[in-house]
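Next comes upload_17.cif, a file with mmCIF, N, CA, C and O atoms and all ligand atoms.
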data_model
#
loop_
_atom_site.label_atom_id
_atom_site.label_comp_id
_atom_site.auth_asym_id
_atom_site.auth_seq_id
_atom_site.Cartn_x
_atom_site.Cartn_y
_atom_site.Cartn_z
N MET A 2 -2.87 16.37 6.60
CA MET A 2 -2.52 15.40 5.56
C MET A 2 -3.00 14.01 5.97
O MET A 2 -2.86 13.62 7.12
N HIS A 3 -3.54 13.27 5.00
CA HIS A 3 -4.08 11.95 5.31
C HIS A 3 -3.29 10.85 4.61
O HIS A 3 -2.51 11.12 3.70
N VAL A 4 -3.56 9.62 5.03
CA VAL A 4 -2.97 8.46 4.38
C VAL A 4 -4.02 7.36 4.36
O VAL A 4 -4.82 7.26 5.29
N ILE A 5 -4.02 6.56 3.28
CA ILE A 5 -4.92 5.41 3.24
C ILE A 5 -4.07 4.16 3.36
O ILE A 5 -3.12 3.96 2.61
N GLY A 6 -4.40 3.30 4.32
CA GLY A 6 -3.70 2.02 4.51
C GLY A 6 -4.61 0.89 4.11
O GLY A 6 -5.73 0.77 4.60
N ILE A 7 -4.13 0.06 3.17
CA ILE A 7 -4.92 -1.06 2.68
C ILE A 7 -4.27 -2.36 3.12
O ILE A 7 -3.07 -2.53 2.98
N SER A 8 -5.07 -3.28 3.65
CA SER A 8 -4.56 -4.60 3.97
C SER A 8 -5.18 -5.59 3.00
O SER A 8 -6.40 -5.71 2.93
N SER A 9 -4.35 -6.30 2.24
CA SER A 9 -4.88 -7.23 1.25
C SER A 9 -4.44 -8.65 1.56
O SER A 9 -3.25 -8.94 1.62
N GLN A 10 -5.39 -9.53 1.74
CA GLN A 10 -5.07 -10.94 2.02
C GLN A 10 -5.65 -11.82 0.93
O GLN A 10 -5.60 -13.05 1.04
N ALA A 11 -6.25 -11.27 -0.11
CA ALA A 11 -7.05 -12.10 -1.01
C ALA A 11 -6.58 -12.06 -2.46
O ALA A 11 -7.34 -12.36 -3.36
N ALA A 12 -5.30 -11.69 -2.66
CA ALA A 12 -4.70 -11.68 -3.99
C ALA A 12 -5.36 -10.69 -4.96
O ALA A 12 -5.25 -10.84 -6.16
N GLY A 13 -6.02 -9.67 -4.41
CA GLY A 13 -6.68 -8.68 -5.28
C GLY A 13 -5.87 -7.40 -5.42
O GLY A 13 -6.34 -6.44 -6.05
N HIS A 14 -4.66 -7.38 -4.87
CA HIS A 14 -3.91 -6.11 -4.81
C HIS A 14 -3.59 -5.51 -6.17
O HIS A 14 -3.53 -4.31 -6.32
N LYS A 15 -3.38 -6.38 -7.22
CA LYS A 15 -2.98 -5.84 -8.52
C LYS A 15 -4.14 -5.20 -9.28
O LYS A 15 -3.93 -4.52 -10.27
N THR A 16 -5.36 -5.44 -8.86
CA THR A 16 -6.49 -4.74 -9.48
C THR A 16 -7.06 -3.67 -8.55
O THR A 16 -7.36 -2.56 -8.99
N LEU A 17 -7.17 -4.01 -7.26
CA LEU A 17 -7.85 -3.08 -6.35
C LEU A 17 -7.02 -1.83 -6.07
O LEU A 17 -7.57 -0.72 -6.01
N LEU A 18 -5.69 -1.98 -5.90
CA LEU A 18 -4.87 -0.79 -5.60
C LEU A 18 -4.83 0.18 -6.78
O LEU A 18 -5.04 1.39 -6.57
N PRO A 19 -4.58 -0.30 -8.04
CA PRO A 19 -4.63 0.65 -9.15
C PRO A 19 -6.01 1.32 -9.29
O PRO A 19 -6.11 2.50 -9.61
N ALA A 20 -7.07 0.56 -9.04
CA ALA A 20 -8.43 1.13 -9.15
C ALA A 20 -8.64 2.23 -8.11
O ALA A 20 -9.22 3.29 -8.40
N LEU A 21 -8.13 2.01 -6.89
CA LEU A 21 -8.25 3.02 -5.84
C LEU A 21 -7.49 4.29 -6.23
O LEU A 21 -8.01 5.40 -6.14
N LYS A 22 -6.25 4.09 -6.71
CA LYS A 22 -5.41 5.22 -7.10
C LYS A 22 -6.10 6.04 -8.20
O LYS A 22 -6.16 7.28 -8.14
N GLU A 23 -6.63 5.33 -9.20
CA GLU A 23 -7.28 6.01 -10.33
C GLU A 23 -8.47 6.84 -9.85
O GLU A 23 -8.66 7.98 -10.25
N GLU A 24 -9.25 6.24 -8.97
CA GLU A 24 -10.43 6.92 -8.46
C GLU A 24 -10.05 8.19 -7.69
O GLU A 24 -10.66 9.24 -7.83
N LEU A 25 -8.98 8.08 -6.89
CA LEU A 25 -8.53 9.25 -6.11
C LEU A 25 -8.01 10.34 -7.04
O LEU A 25 -8.27 11.53 -6.83
N GLN A 26 -7.27 9.92 -8.09
CA GLN A 26 -6.73 10.91 -9.03
C GLN A 26 -7.86 11.65 -9.74
O GLN A 26 -7.77 12.86 -9.95
N LYS A 27 -8.92 10.91 -10.09
CA LYS A 27 -10.09 11.54 -10.72
C LYS A 27 -10.64 12.65 -9.85
O LYS A 27 -11.18 13.65 -10.31
N GLN A 28 -10.52 12.47 -8.54
CA GLN A 28 -11.04 13.46 -7.60
C GLN A 28 -9.99 14.53 -7.27
O GLN A 28 -10.19 15.35 -6.38
N GLY A 29 -8.85 14.45 -7.94
CA GLY A 29 -7.80 15.44 -7.74
C GLY A 29 -7.02 15.25 -6.45
O GLY A 29 -6.35 16.16 -5.97
N SER A 30 -7.06 14.04 -5.90
CA SER A 30 -6.36 13.80 -4.63
C SER A 30 -5.05 13.07 -4.86
O SER A 30 -4.96 12.15 -5.66
N ASN A 31 -4.00 13.53 -4.17
CA ASN A 31 -2.73 12.78 -4.24
C ASN A 31 -2.39 12.21 -2.86
O ASN A 31 -1.25 12.17 -2.45
N ILE A 32 -3.42 11.77 -2.18
CA ILE A 32 -3.27 11.20 -0.85
C ILE A 32 -2.31 9.99 -0.88
O ILE A 32 -2.30 9.22 -1.85
N VAL A 33 -1.49 9.86 0.15
CA VAL A 33 -0.52 8.75 0.24
C VAL A 33 -1.27 7.43 0.48
O VAL A 33 -2.18 7.37 1.31
N ILE A 34 -0.87 6.40 -0.29
CA ILE A 34 -1.45 5.06 -0.09
C ILE A 34 -0.35 4.09 0.31
O ILE A 34 0.71 4.05 -0.34
N VAL A 35 -0.57 3.33 1.38
CA VAL A 35 0.37 2.27 1.75
C VAL A 35 -0.43 0.96 1.86
O VAL A 35 -1.63 0.99 2.11
N ALA A 36 0.29 -0.16 1.62
CA ALA A 36 -0.41 -1.44 1.63
C ALA A 36 0.34 -2.44 2.50
O ALA A 36 1.54 -2.31 2.74
N GLY A 37 -0.41 -3.44 2.98
CA GLY A 37 0.20 -4.51 3.75
C GLY A 37 -0.57 -5.79 3.52
O GLY A 37 -1.52 -5.81 2.74
N GLY A 38 -0.14 -6.86 4.17
CA GLY A 38 -0.81 -8.13 4.03
C GLY A 38 0.01 -9.11 3.22
O GLY A 38 1.20 -8.91 3.00
N VAL A 39 -0.66 -10.16 2.75
CA VAL A 39 0.07 -11.21 2.03
C VAL A 39 0.15 -10.85 0.55
O VAL A 39 -0.64 -11.29 -0.28
N ILE A 40 1.13 -9.98 0.23
CA ILE A 40 1.38 -9.55 -1.14
C ILE A 40 2.74 -10.14 -1.54
O ILE A 40 3.74 -9.88 -0.86
N PRO A 41 2.80 -10.94 -2.60
CA PRO A 41 4.08 -11.57 -2.96
C PRO A 41 5.13 -10.51 -3.30
O PRO A 41 4.83 -9.54 -4.01
N PRO A 42 6.38 -10.68 -2.80
CA PRO A 42 7.43 -9.68 -3.05
C PRO A 42 7.63 -9.37 -4.53
O PRO A 42 7.97 -8.24 -4.88
N GLN A 43 7.38 -10.34 -5.43
CA GLN A 43 7.56 -10.05 -6.86
C GLN A 43 6.54 -9.05 -7.40
O GLN A 43 6.67 -8.56 -8.52
N ASP A 44 5.50 -8.76 -6.62
CA ASP A 44 4.51 -7.76 -7.05
C ASP A 44 4.84 -6.36 -6.52
O ASP A 44 4.18 -5.39 -6.89
N TYR A 45 5.83 -6.24 -5.65
CA TYR A 45 6.11 -4.93 -5.03
C TYR A 45 6.45 -3.87 -6.08
O TYR A 45 5.96 -2.74 -6.01
N ASP A 46 7.32 -4.25 -7.07
CA ASP A 46 7.71 -3.28 -8.09
C ASP A 46 6.51 -2.85 -8.94
O ASP A 46 6.39 -1.69 -9.31
N TYR A 47 5.65 -3.82 -9.24
CA TYR A 47 4.45 -3.50 -10.02
C TYR A 47 3.63 -2.43 -9.31
O TYR A 47 3.17 -1.46 -9.91
N LEU A 48 3.47 -2.59 -8.00
CA LEU A 48 2.63 -1.65 -7.24
C LEU A 48 3.33 -0.31 -7.00
O LEU A 48 2.73 0.75 -7.14
N MET A 49 4.63 -0.36 -6.67
CA MET A 49 5.31 0.88 -6.25
C MET A 49 5.96 1.62 -7.42
O MET A 49 6.07 2.84 -7.39
N LYS A 50 6.42 0.88 -8.47
CA LYS A 50 7.13 1.54 -9.56
C LYS A 50 6.32 1.60 -10.85
O LYS A 50 6.12 2.66 -11.42
N GLU A 51 5.84 0.42 -11.33
CA GLU A 51 5.14 0.40 -12.62
C GLU A 51 3.84 1.20 -12.58
O GLU A 51 3.61 2.07 -13.41
N THR A 52 2.99 0.91 -11.61
CA THR A 52 1.69 1.58 -11.56
C THR A 52 1.69 2.73 -10.55
O THR A 52 0.76 3.54 -10.57
N LYS A 53 2.70 2.79 -9.70
CA LYS A 53 2.80 3.83 -8.67
C LYS A 53 1.50 3.99 -7.88
O LYS A 53 1.08 5.10 -7.55
N CYS A 54 0.83 2.85 -7.61
CA CYS A 54 -0.45 2.96 -6.93
C CYS A 54 -0.32 2.88 -5.41
O CYS A 54 -1.30 3.07 -4.70
N CYS A 55 0.89 2.62 -4.91
CA CYS A 55 1.10 2.80 -3.48
C CYS A 55 2.58 3.13 -3.23
O CYS A 55 3.43 2.86 -4.07
N SER A 56 2.84 3.74 -2.09
CA SER A 56 4.19 4.24 -1.82
C SER A 56 5.03 3.25 -1.02
O SER A 56 6.24 3.37 -0.96
N ALA A 57 4.39 2.28 -0.36
CA ALA A 57 5.13 1.30 0.42
C ALA A 57 4.27 0.05 0.58
O ALA A 57 3.04 0.14 0.57
N VAL A 58 4.96 -1.10 0.69
CA VAL A 58 4.24 -2.35 0.97
C VAL A 58 4.87 -2.97 2.21
O VAL A 58 6.09 -3.12 2.29
N PHE A 59 4.05 -3.30 3.18
CA PHE A 59 4.53 -3.90 4.44
C PHE A 59 4.03 -5.33 4.51
O PHE A 59 2.88 -5.58 4.86
N GLY A 60 4.90 -6.26 4.16
CA GLY A 60 4.49 -7.67 4.08
C GLY A 60 4.48 -8.38 5.42
O GLY A 60 4.73 -7.77 6.47
N PRO A 61 4.21 -9.69 5.39
CA PRO A 61 4.16 -10.47 6.61
C PRO A 61 5.45 -10.33 7.41
O PRO A 61 6.54 -10.32 6.84
N GLY A 62 5.32 -10.22 8.73
CA GLY A 62 6.49 -10.10 9.59
C GLY A 62 6.92 -8.67 9.86
O GLY A 62 7.84 -8.42 10.64
N THR A 63 6.26 -7.71 9.21
CA THR A 63 6.61 -6.30 9.42
C THR A 63 6.40 -5.92 10.88
O THR A 63 5.38 -6.28 11.49
N ARG A 64 7.37 -5.20 11.46
CA ARG A 64 7.16 -4.66 12.81
C ARG A 64 6.29 -3.40 12.68
O ARG A 64 6.58 -2.52 11.86
N ILE A 65 5.28 -3.32 13.51
CA ILE A 65 4.31 -2.23 13.39
C ILE A 65 5.00 -0.87 13.55
O ILE A 65 4.69 0.09 12.84
N THR A 66 6.00 -0.80 14.45
CA THR A 66 6.70 0.48 14.64
C THR A 66 7.44 0.88 13.35
O THR A 66 7.49 2.06 13.01
N ASP A 67 8.02 -0.13 12.63
CA ASP A 67 8.71 0.19 11.37
C ASP A 67 7.71 0.75 10.35
O ASP A 67 7.99 1.74 9.66
N ALA A 68 6.56 0.10 10.25
CA ALA A 68 5.54 0.55 9.29
C ALA A 68 5.08 1.97 9.66
O ALA A 68 4.92 2.83 8.78
N ALA A 69 4.91 2.20 10.96
CA ALA A 69 4.43 3.53 11.40
C ALA A 69 5.46 4.61 11.06
O ALA A 69 5.10 5.67 10.52
N LEU A 70 6.73 4.33 11.34
CA LEU A 70 7.77 5.34 11.07
C LEU A 70 7.89 5.64 9.58
O LEU A 70 7.99 6.80 9.18
N GLU A 71 7.88 4.56 8.76
CA GLU A 71 8.02 4.80 7.31
C GLU A 71 6.80 5.55 6.78
O GLU A 71 6.94 6.45 5.94
N THR A 72 5.64 5.22 7.29
CA THR A 72 4.43 5.91 6.83
C THR A 72 4.49 7.40 7.21
O THR A 72 4.14 8.27 6.40
N LEU A 73 4.98 7.68 8.41
CA LEU A 73 5.11 9.09 8.81
C LEU A 73 6.08 9.85 7.90
O LEU A 73 5.82 10.98 7.50
N SER A 74 7.21 9.18 7.51
CA SER A 74 8.16 9.83 6.60
C SER A 74 7.51 10.11 5.25
O SER A 74 7.72 11.16 4.64
N LEU A 75 6.71 9.13 4.77
CA LEU A 75 6.06 9.32 3.47
C LEU A 75 5.09 10.50 3.51
O LEU A 75 4.99 11.28 2.56
N ILE A 76 4.41 10.66 4.63
CA ILE A 76 3.48 11.79 4.77
C ILE A 76 4.28 13.10 4.74
O ILE A 76 3.92 14.04 4.03
N GLU A 77 5.38 13.12 5.48
CA GLU A 77 6.23 14.32 5.51
C GLU A 77 6.72 14.68 4.12
O GLU A 77 6.65 15.83 3.69
N GLU A 78 7.22 13.64 3.38
CA GLU A 78 7.72 13.87 2.02
C GLU A 78 6.62 14.45 1.14
O GLU A 78 6.86 15.35 0.35
N SER A 79 5.40 13.93 1.27
CA SER A 79 4.33 14.38 0.39
C SER A 79 3.93 15.82 0.72
O SER A 79 3.44 16.54 -0.13
N ILE A 80 4.18 16.26 1.94
CA ILE A 80 3.86 17.64 2.30
C ILE A 80 4.89 18.60 1.70
O ILE A 80 4.56 19.66 1.22
N THR A 81 6.18 18.17 1.71
CA THR A 81 7.24 19.07 1.23
C THR A 81 7.37 19.06 -0.29
O THR A 81 8.07 19.88 -0.85
N GLU A 82 6.70 18.10 -0.99
CA GLU A 82 6.82 18.00 -2.45
C GLU A 82 6.27 19.22 -3.15
O GLU A 82 5.29 19.78 -2.73
C1 LIG A 101 -6.62 -15.61 9.15
C2 LIG A 101 -6.67 -15.79 7.64
C3 LIG A 101 -7.93 -15.66 7.04
C4 LIG A 101 -9.18 -15.26 7.78
C5 LIG A 101 -9.15 -13.70 7.97
C6 LIG A 101 -9.82 -13.30 9.22
C7 LIG A 101 -9.77 -11.81 9.37
N1 LIG A 101 -10.93 -11.23 9.46
O1 LIG A 101 -8.70 -11.20 9.34
C8 LIG A 101 -10.31 -15.74 6.83
C9 LIG A 101 -10.68 -17.15 7.21
C10 LIG A 101 -11.56 -14.88 6.79
C11 LIG A 101 -9.56 -15.75 5.50
C12 LIG A 101 -10.20 -15.67 4.29
C13 LIG A 101 -9.55 -15.70 3.06
N2 LIG A 101 -8.26 -15.98 2.84
CO1 LIG A 101 -6.99 -16.10 4.31
N3 LIG A 101 -5.63 -16.32 5.55
C14 LIG A 101 -5.51 -16.11 6.88
C15 LIG A 101 -4.08 -16.38 7.40
C16 LIG A 101 -4.08 -17.79 8.03
C17 LIG A 101 -3.52 -15.39 8.41
C18 LIG A 101 -3.60 -13.91 8.00
C19 LIG A 101 -3.33 -13.03 9.18
O2 LIG A 101 -4.22 -12.45 9.78
N4 LIG A 101 -2.06 -12.94 9.57
C20 LIG A 101 -1.65 -12.16 10.74
C21 LIG A 101 -1.34 -10.72 10.36
C22 LIG A 101 -0.90 -9.95 11.63
O3 LIG A 101 -0.25 -10.78 9.46
P1 LIG A 101 -0.28 -10.06 8.05
O4 LIG A 101 -1.63 -10.07 7.46
O5 LIG A 101 0.84 -10.61 7.21
O6 LIG A 101 0.04 -8.56 8.43
C23 LIG A 101 1.32 -8.11 8.73
C24 LIG A 101 1.94 -7.34 7.60
O7 LIG A 101 1.55 -7.83 6.31
C25 LIG A 101 1.50 -5.91 7.87
N5 LIG A 101 0.22 -5.42 7.34
C26 LIG A 101 -0.86 -6.10 6.93
N6 LIG A 101 -1.78 -5.28 6.51
C27 LIG A 101 -1.32 -4.03 6.66
C28 LIG A 101 -1.89 -2.81 6.36
C29 LIG A 101 -1.18 -1.63 6.57
C30 LIG A 101 -1.79 -0.32 6.26
C31 LIG A 101 0.14 -1.70 7.11
C32 LIG A 101 0.89 -0.47 7.36
C33 LIG A 101 0.71 -2.94 7.42
C34 LIG A 101 -0.03 -4.09 7.18
O8 LIG A 101 1.44 -5.83 9.28
C35 LIG A 101 1.19 -7.11 9.87
C36 LIG A 101 2.22 -7.30 10.97
O9 LIG A 101 3.47 -7.63 10.47
C37 LIG A 101 -3.25 -16.32 6.07
C38 LIG A 101 -2.02 -17.20 6.02
C39 LIG A 101 -0.80 -16.52 6.57
N7 LIG A 101 0.07 -17.29 7.09
O10 LIG A 101 -0.65 -15.29 6.47
C40 LIG A 101 -4.30 -16.72 5.00
C41 LIG A 101 -4.24 -16.09 3.56
C42 LIG A 101 -3.88 -14.60 3.74
N8 LIG A 101 -5.59 -16.23 3.03
C43 LIG A 101 -5.57 -16.43 1.77
C44 LIG A 101 -6.75 -16.51 0.97
C45 LIG A 101 -6.57 -16.93 -0.48
C46 LIG A 101 -8.01 -16.20 1.52
C47 LIG A 101 -9.36 -16.14 0.76
C48 LIG A 101 -9.31 -15.41 -0.58
C49 LIG A 101 -9.88 -17.55 0.64
C50 LIG A 101 -11.17 -17.66 -0.20
N9 LIG A 101 -11.03 -18.24 -1.39
O11 LIG A 101 -12.20 -17.20 0.21
C51 LIG A 101 -10.25 -15.41 1.78
C52 LIG A 101 -10.22 -13.87 1.54
C53 LIG A 101 -11.03 -13.10 2.53
C54 LIG A 101 -10.97 -11.63 2.28
N10 LIG A 101 -12.10 -11.04 1.98
O12 LIG A 101 -9.93 -11.00 2.32
C55 LIG A 101 -4.18 -16.58 1.21
C56 LIG A 101 -3.78 -15.32 0.39
C57 LIG A 101 -3.02 -15.65 -0.87
C58 LIG A 101 -2.48 -14.45 -1.55
N11 LIG A 101 -2.60 -13.24 -1.08
O13 LIG A 101 -1.93 -14.62 -2.61
C59 LIG A 101 -3.33 -16.83 2.50
C60 LIG A 101 -1.89 -16.31 2.41
C61 LIG A 101 -3.34 -18.35 2.74
C62 LIG A 101 -2.60 -19.12 1.65
N12 LIG A 101 -1.34 -19.46 1.87
O14 LIG A 101 -3.15 -19.40 0.62
N13 LIG A 101 -8.25 -15.84 5.68
#
Just give me the structure of the file as structure tokens.
Amino acid sequence: MHVIGISSQAAGHKTLLPALKEELQKQGSNIVIVAGGVIPPQDYDYLMKETKCCSAVFGPGTRITDAALETLSLIEESITE
């Protein structure tokens, strides 16, 4: 099982993440996508709930071990789904 991690620092997350998700779906892939970087917290729901284009967002100050553990859980969940 794979995961794609995107780091966005350039305010492109609301177009680039949905575009990535759409492209993967076209190919029949439901690979887990997680994002990090300077993404404003008010955009988290848009990405994770409205467009469902990523499963988690790890903003500034995230501890790498926390991001790693949550990403591993997301991979596990996607395998058992
Ligand atoms: C260094 C820097 C640059 C460098 C980047 C060098 C490099 N190659 O990395 C340079 C000078 C190239 C740059 C350019 C630009 N930048 Co700049 N830059 C910064 C700065 C000062 C620090 C970013 C950084 O590296 N932080 C350190 C890392 C460790 O922290 P972090 O990114 O938050 O990551 C943490 C978490 O978010 C998470 N994480 C991040 N990514 C991922 C990915 C995954 C998979 C996971 C699990 C976790 C994760 O883990 C990290 C640890 O906690 C920030 C200001 C700031 N205070 O953040 C602005 C900032 C990110 N830049 C900004 C902008 C606008 C730009 C430009 C668009 C400017 C321009 N008009 O050209 C370009 C975009 C370049 C590009 N193509 O992306 C804005 C972004 C605004 C926004 N998102 O709404 C910021 C916030 C500055 C500002 N206040 O305006 N930038």
Report task. Select from chain A everything DSSP, run on the backbone, classes as strand (DSSP E or B), then give the selection as an MDAnalysis selection string. Result -> chainID A and resid 4:9 33:38 57:59
May I have the selected residues written with N, CA, C and O atoms, as a short mmCIF file (atom, residue, chain, number, x, y, z; two decimals), keeping the file's coordinate frame?
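Produced file result31.cif, reproduced below:
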data_model
loop_
_atom_site.label_atom_id
_atom_site.label_comp_id
_atom_site.auth_asym_id
_atom_site.auth_seq_id
_atom_site.Cartn_x
_atom_site.Cartn_y
_atom_site.Cartn_z
N VAL A 4 -3.56 9.62 5.03
CA VAL A 4 -2.97 8.46 4.38
C VAL A 4 -4.02 7.36 4.36
O VAL A 4 -4.82 7.26 5.29
N ILE A 5 -4.02 6.56 3.28
CA ILE A 5 -4.92 5.41 3.24
C ILE A 5 -4.07 4.16 3.36
O ILE A 5 -3.12 3.96 2.61
N GLY A 6 -4.40 3.30 4.32
CA GLY A 6 -3.70 2.02 4.51
C GLY A 6 -4.61 0.89 4.11
O GLY A 6 -5.73 0.77 4.60
N ILE A 7 -4.13 0.06 3.17
CA ILE A 7 -4.92 -1.06 2.68
C ILE A 7 -4.27 -2.36 3.12
O ILE A 7 -3.07 -2.53 2.98
N SER A 8 -5.07 -3.28 3.65
CA SER A 8 -4.56 -4.60 3.97
C SER A 8 -5.18 -5.59 3.00
O SER A 8 -6.40 -5.71 2.93
N SER A 9 -4.35 -6.30 2.24
CA SER A 9 -4.88 -7.23 1.25
C SER A 9 -4.44 -8.65 1.56
O SER A 9 -3.25 -8.94 1.62
N VAL A 33 -1.49 9.86 0.15
CA VAL A 33 -0.52 8.75 0.24
C VAL A 33 -1.27 7.43 0.48
O VAL A 33 -2.18 7.37 1.31
N ILE A 34 -0.87 6.40 -0.29
CA ILE A 34 -1.45 5.06 -0.09
C ILE A 34 -0.35 4.09 0.31
O ILE A 34 0.71 4.05 -0.34
N VAL A 35 -0.57 3.33 1.38
CA VAL A 35 0.37 2.27 1.75
C VAL A 35 -0.43 0.96 1.86
O VAL A 35 -1.63 0.99 2.11
N ALA A 36 0.29 -0.16 1.62
CA ALA A 36 -0.41 -1.44 1.63
C ALA A 36 0.34 -2.44 2.50
O ALA A 36 1.54 -2.31 2.74
N GLY A 37 -0.41 -3.44 2.98
CA GLY A 37 0.20 -4.51 3.75
C GLY A 37 -0.57 -5.79 3.52
O GLY A 37 -1.52 -5.81 2.74
N GLY A 38 -0.14 -6.86 4.17
CA GLY A 38 -0.81 -8.13 4.03
C GLY A 38 0.01 -9.11 3.22
O GLY A 38 1.20 -8.91 3.00
N ALA A 57 4.39 2.28 -0.36
CA ALA A 57 5.13 1.30 0.42
C ALA A 57 4.27 0.05 0.58
O ALA A 57 3.04 0.14 0.57
N VAL A 58 4.96 -1.10 0.69
CA VAL A 58 4.24 -2.35 0.97
C VAL A 58 4.87 -2.97 2.21
O VAL A 58 6.09 -3.12 2.29
N PHE A 59 4.05 -3.30 3.18
CA PHE A 59 4.53 -3.90 4.44
C PHE A 59 4.03 -5.33 4.51
O PHE A 59 2.88 -5.58 4.86
#
**Report entry** Cut-off 8 Å, only N, CA, C and O atoms and all ligand atoms, neighbours of ligand LIG 101 (chain A) as a PyMOL selection string
**Finding:** chain A and resi 5-14+34-41+57-65+67-69+72
Query raised in the report: Within 8 Å of A:Tyr45, counting only N, CA, C and O atoms, which residues qualify if same-chain residues fewer than 3 places away don't, as a VMD selection string?
Result: chain A and resid 40 to 42 48 to 58
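With only C-alpha atoms as the atoms that count, the residue of A:Ile76, A:Tyr47, A:Glu23, A:Thr66 with the shortest distance to A:Val4 is A:Ile76.
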First collect every listed atom of stretch 58-65 of chain A; then fit an axis-aligned box around them, widen it by 5 Å on each side, and give centre and edge lengths in Å to one decimal, as lines of an AutoDock Vina configuration file.
center_x = 5.4
center_y = -5.2
center_z = 7.1
size_x = 15.0
size_y = 20.6
size_z = 22.9
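Relative to atom CA of A:Ser30, atom O of A:Leu70 is found at 21.1 Å.
Atom N of A:Asp44 is positioned 23.3 Å from atom CA of A:Gln26.
Atom pair atom O of A:Glu24 / atom C of A:Glu77 has a distance of 21.8 Å (rounded to one decimal).
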Report task. Could you find all residues in chain A that DSSP calls alpha helix (DSSP H) from the backbone, and write them as a VMD selection string? Result -> chain A and resid 14 to 27 45 to 46 65 to 81
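With only C-alpha atoms as the basis for measurement, A:Val33 is the residue among A:Val33, A:Gln28, A:Gln43, A:Thr16 that approaches A:Leu73 most closely.
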Would you mind exporting stretch 73-78 of chain A with all heavy atoms, as a PDB file, in the first residue's frame?
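Final output, saved to part.pdb:
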ATOM      1  N   LEU A  73       0.506   6.312   9.150  1.00  0.00           N
ATOM      2  CA  LEU A  73       0.484   4.837   9.216  1.00  0.00           C
ATOM      3  C   LEU A  73      -0.926   4.317   9.531  1.00  0.00           C
ATOM      4  O   LEU A  73      -1.386   3.343   8.932  1.00  0.00           O
ATOM      5  CB  LEU A  73       1.480   4.331  10.269  1.00  0.00           C
ATOM      6  CG  LEU A  73       2.956   4.408   9.873  1.00  0.00           C
ATOM      7  CD1 LEU A  73       3.848   4.065  11.064  1.00  0.00           C
ATOM      8  CD2 LEU A  73       3.261   3.481   8.694  1.00  0.00           C
ATOM      9  N   SER A  74      -1.645   5.008  10.452  1.00  0.00           N
ATOM     10  CA  SER A  74      -3.016   4.583  10.767  1.00  0.00           C
ATOM     11  C   SER A  74      -3.919   4.713   9.545  1.00  0.00           C
ATOM     12  O   SER A  74      -4.764   3.855   9.284  1.00  0.00           O
ATOM     13  CB  SER A  74      -3.663   5.425  11.868  1.00  0.00           C
ATOM     14  OG  SER A  74      -2.818   5.636  12.913  1.00  0.00           O
ATOM     15  N   LEU A  75      -3.735   5.814   8.793  1.00  0.00           N
ATOM     16  CA  LEU A  75      -4.568   6.014   7.603  1.00  0.00           C
ATOM     17  C   LEU A  75      -4.325   4.908   6.579  1.00  0.00           C
ATOM     18  O   LEU A  75      -5.254   4.424   5.927  1.00  0.00           O
ATOM     19  CB  LEU A  75      -4.278   7.383   6.974  1.00  0.00           C
ATOM     20  CG  LEU A  75      -4.815   8.582   7.749  1.00  0.00           C
ATOM     21  CD1 LEU A  75      -4.203   9.872   7.247  1.00  0.00           C
ATOM     22  CD2 LEU A  75      -6.342   8.633   7.634  1.00  0.00           C
ATOM     23  N   ILE A  76      -3.080   4.485   6.454  1.00  0.00           N
ATOM     24  CA  ILE A  76      -2.763   3.404   5.516  1.00  0.00           C
ATOM     25  C   ILE A  76      -3.451   2.122   5.977  1.00  0.00           C
ATOM     26  O   ILE A  76      -4.081   1.418   5.189  1.00  0.00           O
ATOM     27  CB  ILE A  76      -1.241   3.204   5.393  1.00  0.00           C
ATOM     28  CG1 ILE A  76      -0.590   4.426   4.748  1.00  0.00           C
ATOM     29  CG2 ILE A  76      -0.932   1.946   4.580  1.00  0.00           C
ATOM     30  CD1 ILE A  76       0.931   4.404   4.761  1.00  0.00           C
ATOM     31  N   GLU A  77      -3.356   1.847   7.279  1.00  0.00           N
ATOM     32  CA  GLU A  77      -3.988   0.643   7.833  1.00  0.00           C
ATOM     33  C   GLU A  77      -5.485   0.651   7.583  1.00  0.00           C
ATOM     34  O   GLU A  77      -6.061  -0.333   7.131  1.00  0.00           O
ATOM     35  CB  GLU A  77      -3.726   0.569   9.345  1.00  0.00           C
ATOM     36  CG  GLU A  77      -2.541  -0.317   9.681  1.00  0.00           C
ATOM     37  CD  GLU A  77      -2.199  -0.249  11.165  1.00  0.00           C
ATOM     38  OE1 GLU A  77      -3.043   0.208  11.961  1.00  0.00           O
ATOM     39  OE2 GLU A  77      -1.076  -0.629  11.506  1.00  0.00           O
ATOM     40  N   GLU A  78      -6.129   1.833   7.864  1.00  0.00           N
ATOM     41  CA  GLU A  78      -7.581   1.948   7.641  1.00  0.00           C
ATOM     42  C   GLU A  78      -7.925   1.677   6.192  1.00  0.00           C
ATOM     43  O   GLU A  78      -8.910   1.014   5.894  1.00  0.00           O
ATOM     44  CB  GLU A  78      -8.064   3.374   7.964  1.00  0.00           C
ATOM     45  CG  GLU A  78      -8.305   3.628   9.434  1.00  0.00           C
ATOM     46  CD  GLU A  78      -8.485   5.118   9.713  1.00  0.00           C
ATOM     47  OE1 GLU A  78      -9.003   5.846   8.845  1.00  0.00           O
ATOM     48  OE2 GLU A  78      -8.063   5.554  10.807  1.00  0.00           O
TER      49      GLU A  78
END
